[in-house]
Amino acid sequence: MKTVFSGIQPTGKVHLGNLLGAINNWVELSNEENKNYFCVVDLHSLTTHPDPETMEENIFETIKVLVASGINLKNSNIYIQSNVSEHVQLSWILSNFCQIGELQRMTQFKEKADQLGNHAGILTYPILMAADILIHKANQVPVGDDQTQHLELTRNIVERFNNTYGEIFPLPERKTGKVGARLMSLRHPENKMSKSNDDLNGTIYFDDSKDEIIKKFKSSVTDSDDVIKFDADSKKGISNLIDIYSSLNDLSHHEVENKFENLKYGEFKIEVGESVVSYLEPIREKYNSMSNGDIASLIKNNLEEVKDSAKKTMDEINSALGI
Ligand code: AMP
Ligand code: TRP
């Protein structure tokens, strides 16, 4: 049996990149015989100084989307990071097994440090992420492509810690789908799709209406040669659309190319848009059927087991450290 951990920040609306790159794999793993921890990482989101007025609503909204996506709640614990203080305690311990240079080399740090005001939180962000993964000794981490570097860092930390104090942690592995691991903005296909793209038309949010979705796909940026062929280097826009269709219909890129060989870009964009509409519709419906009260009791029911698991790991670590 595997132990699975993954996290999502409660910063803004869940988008198609989150769903296809990460959450769909969470759903898959939750339907296998695994122990699953899915965490809304509110402490990580403090790096962006979010508005306290909207924090709770964002956390609840994110958890509702996770449930609406079909995570099997029977063998999954969904919880909020700040409810389990061991995450931060372990983070401090792990920071002693991580080089400053490693943190400075993280792409996310290089991209975001200036934008977020160069505070230490954005530098040490990956150490807290390592603590998240290790607090329940997870060995499987389903994340999108953009988190690969952070996971590599976690593995380095594990090796150093275990070399010094014994085999306490497993070496966690990343789990990603063959397709959809890095969705790009529909408007700026050289950038990844994100919750806060400059151009909102580049991101499909989980609760976009049918009309909005089709409109966004119609206005997606492609090249001018009108040939539906996957080439992530020179045809980024159309490759992104092929990737989305592949992921939603369980087809390889090649199968999608063959299926739509004779279509014009304009027609293909609508096909992709319609696939997205049918995928998101049931998620939105289920989302709307849930109340904040449902989510509050879900969190309450999971918390004791999560805390016990975190405490058990901390006890073992403290004892290994002699503290
Ligand atoms: P975040 O919204 O940054 O908290 O990301 C939550 C999860 O979604 C992480 O596993 C990310 O790797 C994944 N993710 C975020 N953006 C994308 C994207 N554009 N394509 C694929 N996966 C993504
Ligand atoms: N850093 C991740 C992101 O921005 C979120 C995250 C925090 C995470 N802790 C984690 C993902 C632990 C996987 C495991 O997407």
# chains A, B, ... in the order shown; residues from 1 in each chain; ligands from 1
call {"tool": "residues_near_ligand", "arguments": {"ligand": "ligand 2", "cutoff": "8 Å", "atoms": "only C-alpha atoms and all ligand atoms", "output": "compact mmCIF listing (two decimals) with N, CA, C and O atoms, in the first residue's frame"}}
result
# COMPACT_ATOMS: atom_id res chain seq x y z
N PHE A 5 0.65 11.82 -0.87
CA PHE A 5 0.41 13.19 -0.37
C PHE A 5 0.44 14.16 -1.54
O PHE A 5 1.30 14.07 -2.42
N SER A 6 -0.49 15.09 -1.55
CA SER A 6 -0.36 16.22 -2.46
C SER A 6 -1.03 17.45 -1.88
O SER A 6 -1.84 17.35 -0.96
N GLY A 7 -0.67 18.60 -2.44
CA GLY A 7 -1.20 19.86 -1.91
C GLY A 7 -1.62 20.81 -3.01
O GLY A 7 -1.15 20.72 -4.14
N ILE A 8 -2.51 21.70 -2.64
CA ILE A 8 -2.92 22.77 -3.55
C ILE A 8 -3.11 24.04 -2.74
O ILE A 8 -3.61 24.00 -1.61
N GLN A 9 -2.68 25.16 -3.32
CA GLN A 9 -2.82 26.44 -2.60
C GLN A 9 -4.23 27.00 -2.78
O GLN A 9 -4.79 26.92 -3.87
N CYS A 39 -4.06 18.01 0.82
CA CYS A 39 -3.95 19.10 1.76
C CYS A 39 -4.10 20.46 1.07
O CYS A 39 -3.49 20.71 0.03
N VAL A 40 -4.91 21.31 1.67
CA VAL A 40 -5.00 22.68 1.17
C VAL A 40 -3.93 23.49 1.91
O VAL A 40 -4.01 23.67 3.13
N VAL A 41 -2.91 23.90 1.17
CA VAL A 41 -1.71 24.44 1.80
C VAL A 41 -1.83 25.96 1.97
O VAL A 41 -1.24 26.75 1.24
N HIS A 44 1.51 27.88 2.66
CA HIS A 44 2.28 28.22 1.45
C HIS A 44 1.72 29.46 0.78
O HIS A 44 2.47 30.29 0.24
N TYR A 125 10.03 28.19 0.82
CA TYR A 125 8.80 27.51 0.40
C TYR A 125 9.00 26.01 0.13
O TYR A 125 8.23 25.18 0.64
N PRO A 126 10.05 25.62 -0.62
CA PRO A 126 10.19 24.17 -0.92
C PRO A 126 10.50 23.32 0.31
O PRO A 126 10.25 22.11 0.29
N LEU A 128 9.09 23.74 3.31
CA LEU A 128 7.77 23.45 3.89
C LEU A 128 7.06 22.39 3.04
O LEU A 128 6.37 21.52 3.56
N MET A 129 7.27 22.46 1.75
CA MET A 129 6.65 21.45 0.87
C MET A 129 7.25 20.07 1.15
O MET A 129 6.52 19.06 1.19
N ALA A 130 8.56 20.01 1.38
CA ALA A 130 9.19 18.73 1.74
C ALA A 130 8.59 18.20 3.05
O ALA A 130 8.29 17.01 3.19
N ALA A 131 8.38 19.12 4.00
CA ALA A 131 7.80 18.71 5.29
C ALA A 131 6.38 18.17 5.10
O ALA A 131 5.99 17.18 5.71
N ASP A 132 5.61 18.81 4.21
CA ASP A 132 4.25 18.32 3.91
C ASP A 132 4.32 16.85 3.48
O ASP A 132 3.57 15.99 3.94
N ILE A 133 5.22 16.62 2.53
CA ILE A 133 5.31 15.29 1.93
C ILE A 133 5.76 14.26 2.97
O ILE A 133 5.26 13.13 3.00
N VAL A 141 3.73 11.22 -4.86
CA VAL A 141 3.31 12.62 -4.85
C VAL A 141 2.77 13.00 -6.23
O VAL A 141 3.55 13.26 -7.16
N PRO A 142 1.46 13.01 -6.39
CA PRO A 142 0.90 13.38 -7.69
C PRO A 142 0.86 14.89 -7.88
O PRO A 142 0.07 15.58 -7.23
N VAL A 143 1.74 15.40 -8.75
CA VAL A 143 1.81 16.85 -9.00
C VAL A 143 2.02 17.10 -10.48
O VAL A 143 2.46 16.21 -11.21
N GLY A 144 1.76 18.32 -10.91
CA GLY A 144 2.05 18.73 -12.27
C GLY A 144 3.56 18.91 -12.45
O GLY A 144 4.33 18.88 -11.49
N ASP A 146 5.39 21.38 -13.06
CA ASP A 146 6.08 22.54 -12.48
C ASP A 146 6.64 22.25 -11.09
O ASP A 146 7.42 23.04 -10.57
N GLN A 147 6.25 21.12 -10.50
CA GLN A 147 6.70 20.81 -9.14
C GLN A 147 7.85 19.79 -9.11
O GLN A 147 8.30 19.38 -8.04
N HIS A 150 10.93 20.81 -7.07
CA HIS A 150 10.69 20.79 -5.63
C HIS A 150 10.72 19.37 -5.09
O HIS A 150 11.19 19.11 -3.98
N LEU A 151 10.24 18.45 -5.89
CA LEU A 151 10.25 17.06 -5.45
C LEU A 151 11.67 16.49 -5.43
O LEU A 151 12.04 15.73 -4.52
call {"tool": "residues_around", "arguments": {"residues": "segment 74-91 of chain A", "least_positions_apart": "3", "cutoff": "7 Å", "atoms": "only C-alpha atoms", "output": "list in words"}}
result
Ser30, Lys35, Asn36, Tyr37, Phe38, Cys39, Val40, Val41, Asp42, Leu43, Leu94, Ser95, Ile127, Leu128, Ala131, Asp132, Ile135, Ile299, Asn302, Leu303, Lys307, Ala310 and Lys311 of chain A
call {"tool": "select_by_dssp", "arguments": {"residues": "segment 220-292 of chain A", "states": "helix (DSSP H, G or I)", "output": "ChimeraX atom specification"}}
result
/A:236-249,253-259,265-288,292
call {"tool": "residues_near_ligand", "arguments": {"ligand": "ligand 1", "cutoff": "10 Å", "atoms": "only C-alpha atoms and all ligand atoms", "output": "JSON, numbers by chain"}}
result
{"A": [6, 7, 8, 9, 10, 11, 12, 13, 14, 15, 16, 17, 18, 19, 20, 21, 22, 23, 24, 25, 26, 40, 41, 42, 44, 45, 62, 141, 142, 143, 144, 145, 146, 147, 148, 174, 175, 176, 177, 179, 180, 181, 182, 183, 184, 185, 191, 192, 193, 194, 195, 196, 203, 244]}
call {"tool": "closest_residue", "arguments": {"among": "A:Glu33, A:Glu190, A:Asp211, A:Glu152", "to": "Cys98 of chain A", "atoms": "only C-alpha atoms"}}
result
A:Glu152
